[in-house]
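File shown: data.cif. Contents: mmCIF, C-alpha atoms.
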```cif
data_work
loop_
_atom_site.label_atom_id
_atom_site.label_comp_id
_atom_site.auth_asym_id
_atom_site.auth_seq_id
_atom_site.Cartn_x
_atom_site.Cartn_y
_atom_site.Cartn_z
CA MET A 1 2.99 -61.57 146.39
CA ARG A 2 3.99 -65.20 146.87
CA ILE A 3 7.47 -66.30 147.88
CA ALA A 4 8.47 -66.62 144.21
CA GLY A 5 7.49 -62.97 143.74
CA LEU A 6 9.51 -61.96 146.79
CA SER A 7 12.44 -63.85 145.31
CA ALA A 8 12.06 -62.01 141.99
CA ALA A 9 11.73 -58.62 143.72
CA THR A 10 14.86 -59.09 145.82
CA GLY A 11 17.07 -61.33 143.69
CA VAL A 12 17.34 -63.76 146.61
CA SER A 13 16.59 -67.45 145.99
CA VAL A 14 13.47 -69.05 147.47
CA ALA A 15 15.68 -71.49 149.41
CA THR A 16 17.56 -68.59 151.03
CA LEU A 17 14.30 -66.78 151.81
CA LYS A 18 13.00 -69.92 153.53
CA TYR A 19 16.22 -70.08 155.51
CA TYR A 20 15.73 -66.46 156.67
CA LEU A 21 12.16 -67.32 157.67
CA ARG A 22 13.31 -70.38 159.63
CA GLU A 23 16.04 -68.38 161.41
CA GLY A 24 13.57 -65.63 162.31
CA LEU A 25 15.44 -62.91 160.43
CA LEU A 26 12.43 -62.41 158.18
CA HIS A 27 8.89 -62.10 159.53
CA ALA A 28 6.32 -64.62 158.30
CA GLY A 29 3.94 -63.72 155.49
CA VAL A 30 0.15 -63.81 155.85
CA ALA A 31 -1.01 -67.40 155.37
CA THR A 32 -3.40 -67.65 152.42
CA ALA A 33 -3.57 -71.44 152.09
CA VAL A 34 -1.79 -74.51 153.33
CA ASN A 35 1.94 -73.99 152.54
CA GLN A 36 1.23 -70.63 150.92
CA ALA A 37 1.69 -67.13 152.26
CA ASP A 38 1.45 -63.57 151.04
CA TYR A 39 4.40 -61.18 151.27
CA ASP A 40 4.47 -57.40 150.90
CA ASP A 41 6.82 -54.42 150.74
CA THR A 42 7.83 -54.81 154.38
CA HIS A 43 9.32 -58.19 153.40
CA VAL A 44 11.13 -56.73 150.40
CA ARG A 45 12.68 -54.03 152.60
CA ARG A 46 13.64 -56.54 155.26
CA VAL A 47 15.33 -58.88 152.76
CA ARG A 48 17.32 -55.95 151.36
CA LEU A 49 18.40 -55.05 154.88
CA ILE A 50 19.54 -58.63 155.54
CA ARG A 51 21.46 -58.68 152.25
CA ALA A 52 23.18 -55.39 153.06
CA LEU A 53 24.36 -56.81 156.39
CA VAL A 54 25.39 -60.22 155.06
CA GLU A 55 26.74 -59.51 151.57
CA LEU A 56 28.16 -56.04 151.96
CA GLY A 57 28.96 -56.00 155.67
CA HIS A 58 30.14 -59.65 155.65
CA LEU A 59 28.17 -60.32 158.85
CA SER A 60 27.41 -63.91 159.80
CA ILE A 61 23.73 -64.85 160.01
CA ALA A 62 24.07 -64.89 163.81
CA ASP A 63 25.57 -61.37 163.89
CA ALA A 64 22.95 -60.12 161.42
CA ALA A 65 20.28 -61.54 163.74
CA ARG A 66 21.77 -59.58 166.68
CA VAL A 67 21.68 -56.36 164.67
CA LEU A 68 18.10 -57.04 163.53
CA ASP A 69 17.11 -57.66 167.16
CA ALA A 70 18.34 -54.14 167.99
CA VAL A 71 16.39 -52.82 165.00
CA ASP A 72 13.21 -54.54 166.18
CA ASP A 73 13.56 -53.80 169.91
CA GLU A 74 11.37 -50.76 170.56
CA ARG A 75 13.12 -50.23 173.89
CA VAL A 76 16.35 -49.21 172.12
CA PRO A 77 16.10 -45.42 171.79
CA ILE A 78 17.16 -44.00 168.46
CA HIS A 79 19.97 -41.92 169.99
CA THR A 80 21.74 -45.04 171.23
CA ALA A 81 20.79 -47.12 168.19
CA PHE A 82 24.02 -46.44 166.36
CA GLY A 83 26.07 -47.66 169.28
CA VAL A 84 23.97 -50.75 169.88
CA ALA A 85 23.85 -51.69 166.21
CA GLN A 86 27.59 -51.12 165.90
CA ASP A 87 28.38 -53.22 168.97
CA ALA A 88 26.34 -56.04 167.46
CA MET A 89 28.53 -55.88 164.36
CA VAL A 90 31.78 -56.24 166.28
CA PRO A 91 32.88 -59.72 167.31
CA ARG A 92 33.36 -59.71 171.11
CA ARG A 93 36.54 -61.23 172.38
CA GLU A 94 38.56 -61.59 175.56
CA ARG A 95 41.68 -59.49 175.95
CA ASP A 96 44.25 -60.39 178.60
CA ASP A 97 47.12 -58.33 177.18
CA PRO A 98 48.56 -55.87 179.75
CA LEU A 99 49.25 -53.48 176.87
CA HIS A 100 45.52 -53.45 176.19
CA ALA A 101 44.80 -51.89 179.59
CA ALA A 102 47.29 -49.11 178.85
CA ALA A 103 45.72 -48.60 175.44
CA MET A 104 42.24 -48.34 176.99
CA VAL A 105 43.54 -45.39 179.04
CA GLU A 106 44.66 -43.75 175.80
CA VAL A 107 41.19 -44.31 174.34
CA ASP A 108 39.60 -42.71 177.43
CA ARG A 109 41.89 -39.70 176.96
CA LEU A 110 40.94 -39.41 173.30
CA VAL A 111 37.22 -39.58 174.09
CA GLU A 112 37.62 -37.01 176.88
CA ARG A 113 39.77 -34.68 174.75
CA HIS A 114 37.15 -34.53 172.01
CA GLY A 115 34.16 -34.56 174.36
CA LEU A 116 32.67 -37.60 172.61
CA ARG A 117 29.42 -39.06 173.91
CA VAL A 118 30.37 -42.74 173.60
CA ARG A 119 29.04 -45.29 176.12
CA PRO A 120 31.74 -46.31 178.64
CA ASP A 121 31.13 -49.99 177.85
CA ALA A 122 30.97 -49.53 174.04
CA GLU A 123 32.80 -52.40 172.38
CA VAL A 124 34.27 -49.96 169.87
CA ARG A 125 36.55 -48.58 172.63
CA ALA A 126 38.20 -52.00 173.00
CA VAL A 127 38.55 -52.31 169.23
CA LEU A 128 40.33 -48.96 169.01
CA ALA A 129 42.56 -50.10 171.90
CA ASP A 130 43.38 -53.27 169.88
CA ALA A 131 44.60 -51.06 167.05
CA LEU A 132 46.66 -48.96 169.48
CA VAL A 133 48.25 -52.14 170.87
CA ALA A 134 49.25 -53.19 167.36
CA MET A 135 50.62 -49.68 166.65
CA SER A 136 52.54 -49.98 169.88
CA ARG A 137 54.03 -53.37 168.93
CA PHE A 138 55.31 -51.93 165.67
CA GLU A 139 56.06 -48.49 167.17
CA MET A 140 53.95 -46.94 164.45
CA PHE A 141 51.89 -43.76 164.20
CA GLY A 142 53.51 -42.30 167.32
CA ALA A 143 52.74 -45.24 169.64
CA THR A 144 55.52 -46.38 171.99
CA PRO A 145 56.22 -50.00 173.03
CA ASP A 146 54.61 -49.42 176.45
CA GLY A 147 51.21 -48.77 174.91
CA GLN A 148 51.27 -44.99 175.18
CA VAL A 149 50.55 -42.72 172.27
CA LEU A 150 53.01 -39.84 172.41
CA ASP A 151 52.21 -38.25 169.08
CA SER A 152 48.44 -38.24 168.82
CA ALA A 153 48.15 -35.65 166.05
CA LEU A 154 47.15 -38.26 163.46
CA LEU A 155 44.47 -39.73 165.77
CA ASP A 156 43.19 -36.26 166.65
CA ASP A 157 42.98 -35.31 162.98
CA THR A 158 41.16 -38.57 162.27
CA VAL A 159 38.64 -37.84 165.04
CA ALA A 160 38.06 -34.31 163.72
CA ALA A 161 37.49 -35.61 160.17
CA ALA A 162 35.24 -38.43 161.45
CA LEU A 163 33.14 -35.97 163.45
CA ALA A 164 32.57 -33.78 160.40
CA ASP A 165 31.61 -36.88 158.36
CA ALA A 166 29.34 -38.20 161.12
CA GLU A 167 27.49 -34.91 161.46
CA ALA A 168 26.87 -34.90 157.69
CA SER A 169 25.84 -38.60 157.70
CA ILE A 170 23.44 -38.26 160.60
CA GLU A 171 21.51 -35.60 158.70
CA TYR A 172 20.45 -38.38 156.32
CA VAL A 173 18.45 -40.05 159.11
CA PRO A 174 14.91 -38.68 158.65
CA GLY A 175 13.87 -36.93 161.86
CA ASP A 176 10.16 -37.38 161.31
CA ALA A 177 10.05 -41.00 160.07
CA GLU A 178 8.92 -44.06 162.01
CA ARG A 179 11.43 -45.64 164.34
CA SER A 180 11.82 -48.71 162.10
CA ALA A 181 12.60 -46.54 159.07
CA GLN A 182 15.11 -44.52 161.11
CA MET A 183 16.74 -47.69 162.40
CA THR A 184 17.10 -49.06 158.88
CA VAL A 185 18.92 -45.89 157.83
CA VAL A 186 21.11 -46.15 160.91
CA VAL A 187 22.04 -49.79 160.39
CA VAL A 188 22.40 -49.77 156.61
CA GLY A 189 24.15 -46.42 156.82
CA THR A 190 26.66 -47.79 159.29
CA VAL A 191 27.52 -50.81 157.15
CA VAL A 192 27.28 -49.17 153.74
CA PHE A 193 29.05 -46.02 154.67
CA GLU A 194 31.80 -47.94 156.45
CA VAL A 195 32.44 -50.00 153.30
CA ALA A 196 32.43 -46.82 151.20
CA ALA A 197 34.69 -44.91 153.60
CA ASP A 198 37.17 -47.81 153.83
CA ALA A 199 37.29 -48.07 150.05
CA ILE A 200 37.81 -44.33 149.74
CA ARG A 201 40.56 -44.40 152.39
CA ARG A 202 42.31 -47.21 150.54
CA MET A 203 42.13 -45.27 147.29
CA ALA A 204 43.54 -42.20 149.05
CA LEU A 205 46.43 -44.29 150.44
CA GLU A 206 47.18 -45.73 147.02
CA HIS A 207 47.16 -42.21 145.62
CA ALA A 208 49.32 -40.70 148.40
CA SER A 209 51.74 -43.60 148.06
CA ALA A 210 52.03 -43.09 144.30
CA VAL A 211 52.58 -39.35 144.76
CA ARG A 212 55.27 -39.84 147.42
CA PHE A 213 57.23 -42.76 145.98
CA ASP A 214 56.72 -42.09 142.28
CA PRO A 215 56.28 -38.32 142.12
CA ALA A 216 56.84 -37.92 138.37
CA PRO A 217 55.44 -40.93 136.53
CA THR A 218 56.42 -41.21 132.89
CA ARG A 219 53.64 -41.07 130.34
CA ARG A 220 53.76 -44.83 129.92
CA GLN A 221 53.34 -45.41 133.65
CA ARG A 222 50.59 -42.85 133.84
CA VAL A 223 48.67 -44.67 131.17
CA ALA A 224 49.37 -48.01 132.85
CA LYS A 225 47.84 -46.64 136.03
CA MET B 1 66.69 -68.58 170.02
CA ARG B 2 64.87 -71.90 169.76
CA ILE B 3 61.21 -72.18 168.81
CA ALA B 4 60.20 -72.02 172.49
CA GLY B 5 62.03 -68.69 172.72
CA LEU B 6 60.27 -67.42 169.60
CA SER B 7 56.99 -68.47 171.21
CA ALA B 8 57.85 -66.56 174.42
CA ALA B 9 58.94 -63.46 172.47
CA THR B 10 55.77 -63.30 170.41
CA GLY B 11 53.12 -64.83 172.67
CA VAL B 12 52.23 -67.28 169.89
CA SER B 13 52.09 -71.01 170.74
CA VAL B 14 54.72 -73.39 169.37
CA ALA B 15 51.96 -75.33 167.58
CA THR B 16 50.82 -72.17 165.77
CA LEU B 17 54.41 -71.24 164.88
CA LYS B 18 54.90 -74.70 163.37
CA TYR B 19 51.70 -74.21 161.40
CA TYR B 20 53.03 -70.88 160.02
CA LEU B 21 56.29 -72.64 159.08
CA ARG B 22 54.42 -75.45 157.30
CA GLU B 23 52.22 -72.99 155.41
CA GLY B 24 55.28 -70.96 154.36
CA LEU B 25 54.11 -67.75 156.06
CA LEU B 26 57.20 -67.84 158.30
CA HIS B 27 60.69 -68.47 156.93
CA ALA B 28 62.60 -71.47 158.31
CA GLY B 29 65.16 -71.00 161.07
CA VAL B 30 68.82 -72.01 160.70
CA ALA B 31 69.10 -75.73 161.42
CA THR B 32 71.39 -76.36 164.40
CA ALA B 33 70.66 -80.04 164.98
CA VAL B 34 68.17 -82.67 163.90
CA ASN B 35 64.70 -81.24 164.64
CA GLN B 36 66.21 -78.05 166.06
CA ALA B 37 66.57 -74.62 164.50
CA ASP B 38 67.66 -71.16 165.52
CA TYR B 39 65.34 -68.15 165.12
CA ASP B 40 66.20 -64.45 165.25
CA ASP B 41 64.63 -60.98 165.23
CA THR B 42 63.50 -61.36 161.62
CA HIS B 43 61.28 -64.21 162.80
CA VAL B 44 59.89 -62.16 165.70
CA ARG B 45 59.00 -59.32 163.33
CA ARG B 46 57.44 -61.70 160.83
CA VAL B 47 55.28 -63.39 163.46
CA ARG B 48 54.06 -59.99 164.69
CA LEU B 49 53.19 -59.09 161.11
CA ILE B 50 51.22 -62.33 160.66
CA ARG B 51 49.37 -61.71 163.95
CA ALA B 52 48.49 -58.16 162.93
CA LEU B 53 46.96 -59.46 159.70
CA VAL B 54 45.14 -62.44 161.23
CA GLU B 55 44.05 -61.19 164.67
CA LEU B 56 43.50 -57.52 164.07
CA GLY B 57 42.70 -57.53 160.35
CA HIS B 58 40.67 -60.78 160.59
CA LEU B 59 42.40 -62.09 157.43
CA SER B 60 42.27 -65.81 156.72
CA ILE B 61 45.62 -67.62 156.60
CA ALA B 62 45.24 -67.84 152.80
CA ASP B 63 44.61 -64.08 152.50
CA ALA B 64 47.49 -63.32 154.90
CA ALA B 65 49.72 -65.48 152.68
CA ARG B 66 48.70 -63.43 149.62
CA VAL B 67 49.58 -60.18 151.41
CA LEU B 68 52.91 -61.63 152.59
CA ASP B 69 53.69 -62.71 149.02
CA ALA B 70 53.33 -59.06 147.97
CA VAL B 71 55.57 -58.05 150.89
CA ASP B 72 58.24 -60.55 149.84
CA ASP B 73 58.04 -59.99 146.09
CA GLU B 74 60.91 -57.61 145.26
CA ARG B 75 59.28 -56.91 141.88
CA VAL B 76 56.42 -55.04 143.57
CA PRO B 77 57.58 -51.40 143.66
CA ILE B 78 56.93 -49.55 146.89
CA HIS B 79 54.69 -46.97 145.19
CA THR B 80 52.20 -49.65 144.16
CA ALA B 81 52.66 -51.69 147.35
CA PHE B 82 49.68 -50.15 149.12
CA GLY B 83 47.39 -51.03 146.26
CA VAL B 84 48.68 -54.56 145.84
CA ALA B 85 48.60 -55.26 149.57
CA GLN B 86 45.11 -53.81 149.82
CA ASP B 87 43.82 -55.85 146.89
CA ALA B 88 45.14 -58.98 148.59
CA MET B 89 43.06 -58.09 151.65
CA VAL B 90 39.81 -57.79 149.73
CA PRO B 91 37.89 -60.97 148.93
CA ARG B 92 37.39 -61.08 145.15
CA ARG B 93 33.92 -61.87 143.96
CA GLU B 94 31.84 -61.97 140.80
CA ARG B 95 29.33 -59.21 140.25
CA ASP B 96 26.61 -59.62 137.62
CA ASP B 97 24.34 -56.85 138.89
CA PRO B 98 23.50 -54.29 136.16
CA LEU B 99 23.40 -51.61 138.87
CA HIS B 100 27.04 -52.44 139.58
CA ALA B 101 28.08 -51.32 136.10
CA ALA B 102 26.33 -47.97 136.65
CA ALA B 103 28.01 -47.64 140.03
CA MET B 104 31.44 -48.31 138.50
CA VAL B 105 30.87 -45.30 136.24
CA GLU B 106 30.19 -43.22 139.36
CA VAL B 107 33.44 -44.50 140.89
CA ASP B 108 35.34 -43.54 137.72
CA ARG B 109 33.86 -40.06 137.95
CA LEU B 110 34.87 -39.73 141.60
CA VAL B 111 38.43 -40.85 140.85
CA GLU B 112 38.61 -38.46 137.91
CA ARG B 113 37.12 -35.55 139.86
CA HIS B 114 39.74 -35.84 142.60
CA GLY B 115 42.63 -36.74 140.28
CA LEU B 116 43.32 -39.93 142.23
CA ARG B 117 46.13 -42.20 141.05
CA VAL B 118 44.32 -45.51 141.59
CA ARG B 119 44.99 -48.45 139.26
CA PRO B 120 42.11 -48.97 136.78
CA ASP B 121 41.84 -52.63 137.82
CA ALA B 122 42.12 -51.97 141.58
CA GLU B 123 39.65 -54.22 143.42
CA VAL B 124 38.83 -51.34 145.75
CA ARG B 125 36.94 -49.63 142.89
CA ALA B 126 34.52 -52.58 142.72
CA VAL B 127 34.14 -52.55 146.51
CA LEU B 128 33.20 -48.87 146.49
CA ALA B 129 30.75 -49.62 143.68
CA ASP B 130 29.22 -52.36 145.88
CA ALA B 131 28.58 -49.74 148.55
CA LEU B 132 27.06 -47.37 145.98
CA VAL B 133 24.75 -50.16 144.78
CA ALA B 134 23.56 -50.69 148.35
CA MET B 135 23.06 -46.94 148.82
CA SER B 136 21.10 -46.99 145.59
CA ARG B 137 18.86 -49.87 146.76
CA PHE B 138 17.98 -47.92 149.90
CA GLU B 139 18.07 -44.52 148.18
CA MET B 140 20.52 -43.32 150.80
CA PHE B 141 23.28 -40.73 150.85
CA GLY B 142 22.03 -39.13 147.66
CA ALA B 143 22.04 -42.32 145.54
CA THR B 144 19.08 -42.91 143.24
CA PRO B 145 17.51 -46.32 142.42
CA ASP B 146 19.19 -46.38 138.99
CA GLY B 147 22.68 -46.45 140.53
CA GLN B 148 23.48 -42.80 140.01
CA VAL B 149 24.76 -40.58 142.77
CA LEU B 150 23.08 -37.21 142.40
CA ASP B 151 24.25 -35.64 145.63
CA SER B 152 27.91 -36.53 145.92
CA ALA B 153 28.84 -33.89 148.52
CA LEU B 154 29.21 -36.48 151.29
CA LEU B 155 31.42 -38.70 149.11
CA ASP B 156 33.48 -35.71 148.01
CA ASP B 157 33.97 -34.59 151.62
CA THR B 158 34.97 -38.14 152.55
CA VAL B 159 37.55 -38.21 149.76
CA ALA B 160 38.97 -34.85 150.84
CA ALA B 161 39.26 -36.01 154.47
CA ALA B 162 40.74 -39.36 153.41
CA LEU B 163 43.35 -37.63 151.26
CA ALA B 164 44.46 -35.44 154.17
CA ASP B 165 44.66 -38.53 156.41
CA ALA B 166 46.51 -40.54 153.77
CA GLU B 167 49.10 -37.83 153.22
CA ALA B 168 49.75 -37.71 156.97
CA SER B 169 49.86 -41.55 157.23
CA ILE B 170 52.24 -41.98 154.32
CA GLU B 171 54.78 -39.75 156.06
CA TYR B 172 55.17 -42.53 158.64
CA VAL B 173 56.67 -44.81 155.98
CA PRO B 174 60.44 -44.30 156.38
CA GLY B 175 61.86 -43.06 153.07
CA ASP B 176 65.38 -44.37 153.68
CA ALA B 177 64.59 -47.81 155.13
CA GLU B 178 64.95 -51.17 153.38
CA ARG B 179 62.10 -52.25 151.14
CA SER B 180 61.02 -55.00 153.59
CA ALA B 181 60.79 -52.49 156.47
CA GLN B 182 58.84 -50.08 154.28
CA MET B 183 56.48 -52.84 153.18
CA THR B 184 55.83 -53.84 156.79
CA VAL B 185 54.83 -50.29 157.62
CA VAL B 186 52.62 -50.19 154.54
CA VAL B 187 50.84 -53.47 155.30
CA VAL B 188 50.53 -53.10 159.07
CA GLY B 189 49.64 -49.47 158.64
CA THR B 190 46.85 -50.34 156.24
CA VAL B 191 45.31 -52.93 158.57
CA VAL B 192 45.96 -51.17 161.87
CA PHE B 193 44.98 -47.76 160.70
CA GLU B 194 41.84 -49.08 159.05
CA VAL B 195 40.76 -50.71 162.33
CA ALA B 196 41.53 -47.49 164.21
CA ALA B 197 39.79 -45.27 161.68
CA ASP B 198 36.69 -47.50 161.61
CA ALA B 199 36.53 -47.46 165.41
CA ILE B 200 36.92 -43.68 165.46
CA ARG B 201 34.22 -43.27 162.80
CA ARG B 202 31.85 -45.46 164.81
CA MET B 203 32.51 -43.40 167.93
CA ALA B 204 31.87 -40.21 165.97
CA LEU B 205 28.57 -41.64 164.68
CA GLU B 206 27.50 -42.63 168.20
CA HIS B 207 28.37 -39.12 169.36
CA ALA B 208 26.64 -37.33 166.47
CA SER B 209 23.58 -39.54 166.97
CA ALA B 210 23.45 -38.71 170.68
CA VAL B 211 23.81 -34.99 169.98
CA ARG B 212 21.07 -35.02 167.33
CA PHE B 213 18.48 -37.29 168.94
CA ASP B 214 19.16 -36.51 172.60
CA PRO B 215 20.48 -32.93 172.51
CA ALA B 216 20.11 -32.15 176.22
CA PRO B 217 20.76 -35.28 178.27
CA THR B 218 19.82 -35.03 181.94
CA ARG B 219 22.63 -35.32 184.45
CA ARG B 220 21.68 -38.93 185.13
CA GLN B 221 21.85 -39.84 181.45
CA ARG B 222 25.10 -37.97 181.05
CA VAL B 223 26.64 -39.99 183.86
CA ALA B 224 25.16 -43.17 182.43
CA LYS B 225 26.90 -42.41 179.13
#
```
Have the structure of the file written as structure tokens, please.
Amino acid sequence: MRIAGLSAATGVSVATLKYYLREGLLHAGVATAVNQADYDDTHVRRVRLIRALVELGHLSIADAARVLDAVDDERVPIHTAFGVAQDAMVPRRERDDPLHAAAMVEVDRLVERHGLRVRPDAEVRAVLADALVAMSRFEMFGATPDGQVLDSALLDDTVAAALADAEASIEYVPGDAERSAQMTVVVVGTVVFEVAADAIRRMALEHASAVRFDPAPTRRQRVAK
Amino acid sequence: MRIAGLSAATGVSVATLKYYLREGLLHAGVATAVNQADYDDTHVRRVRLIRALVELGHLSIADAARVLDAVDDERVPIHTAFGVAQDAMVPRRERDDPLHAAAMVEVDRLVERHGLRVRPDAEVRAVLADALVAMSRFEMFGATPDGQVLDSALLDDTVAAALADAEASIEYVPGDAERSAQMTVVVVGTVVFEVAADAIRRMALEHASAVRFDPAPTRRQRVAK
């Protein structure tokens, strides 16, 4: 198909497709004439992948390019692909907060306690430590002002639930497919499922909040909800 | 304390504090002289709240202002505060995708099935539908290309786990505190716990991926992890 066909098949404008081509996110089509190229299903799939990262995952074009590099790099083994793809989705930043160092120790303990195989330099460790620092500042969820987590039951429960979810999710990655197909499931699954899980968690919080602070809604309120 | 003291207590520069004051995110101090004002603990807490939203939650100043409006608005009852605060954190957008309408029906079914008290116009419903549309495009997690979810076991399990988490989280909101203190826990808790839960889910995925695709790592690999 021509670029207009690719646009129709994906719902992405020709101008945006040309931008993806220029930025190297999308591989070139087969040239059929001057200023004309032929595109196929691999292009349709790639454009959908880009859209999932950019529109749903809210990744910048630069971050999407980093994720796609991990997808394309044959040297990245599938068993570390989740970690690499996830790191590419997290904005790196410097942390000079002394509380952050204390929180990193808490993260190490959590990883050790649950026997998690997470790379020592995984960016996600620092992100979890960021959250622990914020909990610590507000003395929330069992975190104390010195960056320690005294009551880790909520975190432990969250890890246990996440592990059960992750084991179920990972079964959706086809074991016998090509690496590129597996990587697409990994990357899209990470973004899509994260959006879904966040939305579900927010719904659950709204529900739990309604149940706790408004245990017996009147009929009118119930209808209004 | 003067503004320099507020800066020292919060680690936020005087220039940034003045910006928060100008934008109305931070309430004015008590004027003590021309161009001089006195700030107290309420200002320290407010600045920490703004930082949690902006730095950890990656909210824009405009979005942070919307969340803070919900915090300040006495007419927002605490039992709907989670929902309102969460909606303020989600960028609203137009959706004209026919698949989205089908996905919204799936969301309604999920809410109904689990008896969730989630407002009918909650933005989070549309966000979950976005994720279902993406799953549908890639035929992942049991979603079919027509926007239906045939195998909803994973979603149902996620809802069940999220409900257990939410019930535990909501217990951290002090029942006897002032509304403003409760709202701070609600808002910070939503942002902080979401960051923590996402990080934990990513770790769990990395772990589950390692276990599935590299079940027996050699000693060298194990050390390298």
Excluding Val14 in chain A and any residue of its chain fewer than 3 positions from it, enumerate the residues within 8 Å of it, using all atoms listed in the file, and give them as a list of chain:residue names. A:Ile3, A:Ala4, A:Ser7, A:Leu17, A:Lys18
Just write the chosen residues, C-alpha atoms, as a tab-separated table (two decimals), in the frame of the given file.
```tsv
chain	number	residue	atom	x	y	z
A	3	ILE	CA	7.47	-66.30	147.88
A	4	ALA	CA	8.47	-66.62	144.21
A	7	SER	CA	12.44	-63.85	145.31
A	17	LEU	CA	14.30	-66.78	151.81
A	18	LYS	CA	13.00	-69.92	153.53
```
Please provide as a ChimeraX atom specification all residues within 12 Å of Gly57 in chain B, with the sequence filter that same-chain residues fewer than 4 positions apart are discarded (counting only C-alpha atoms). /A:127,130-131,134 /B:49-53,61,63-64,67,86,89-90,187-196,198
One-decimal distance in Å that lies between CA of Val54 in chain B and CA of Ala81 in chain B: 19.1 Å
If the PyMOL selection byres ((chain B and resi 213-215) around 12) were run on this exact file, what residues would it hold? Put them as a PyMOL selection string. (chain A and resi 77-82+117+167+170-171+173-176+179+182) or (chain B and resi 205-212+216-218+221-222+225)
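Taking all atoms listed in the file into account, the residues near (30.2, -45.6, 136.9), no farther than 10 Å, are Leu99, His100, Ala101, Ala102, Ala103, Met104, Val105, Glu106, Val107, Asp108, Arg109, Leu110, Arg125, Ala129, Leu132, Gly147, Gln148 and Val149 of chain B.
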If we count all atoms listed in the file, what is near Gly142 in chain B at a cut-off of 9 Å, once residues fewer than 5 positions away on the same chain are taken out, given as a list in words? Tyr172 of chain A; Met135, Ser136, Gln148, Val149, Leu150, Asp151, Ser152, Ala153 and Leu154 of chain B
Straight-line distance linking CA of Ala126 in chain B with CA of Leu155 in chain B, stated in Å to one decimal: 15.6 Å
Chain B proximity check over A:Gly83, A:Glu94, A:Arg113, A:Ser180, using all atoms listed in the file: winner is A:Gly83
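Between CA of Val47 in chain B and CA of Ser60 in chain A there is a distance of 28.1 Å.
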Starting from the shown file, work through the PyMOL selection byres ((chain A and resi 28-36) around 12) and note down what comes out as a PyMOL selection string. chain A and resi 1-4+6+17-27+37-44+46
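Closest approach to chain B among A:Glu74, A:Asp157, A:Glu112, A:Glu178 is made by A:Asp157 (distances from all atoms listed in the file).
Nearest-residue note for chain A: choosing from B:Pro145, B:Gly5, B:Pro98, B:Gly115, the minimum distance belongs to B:Gly115, counting only C-alpha atoms.
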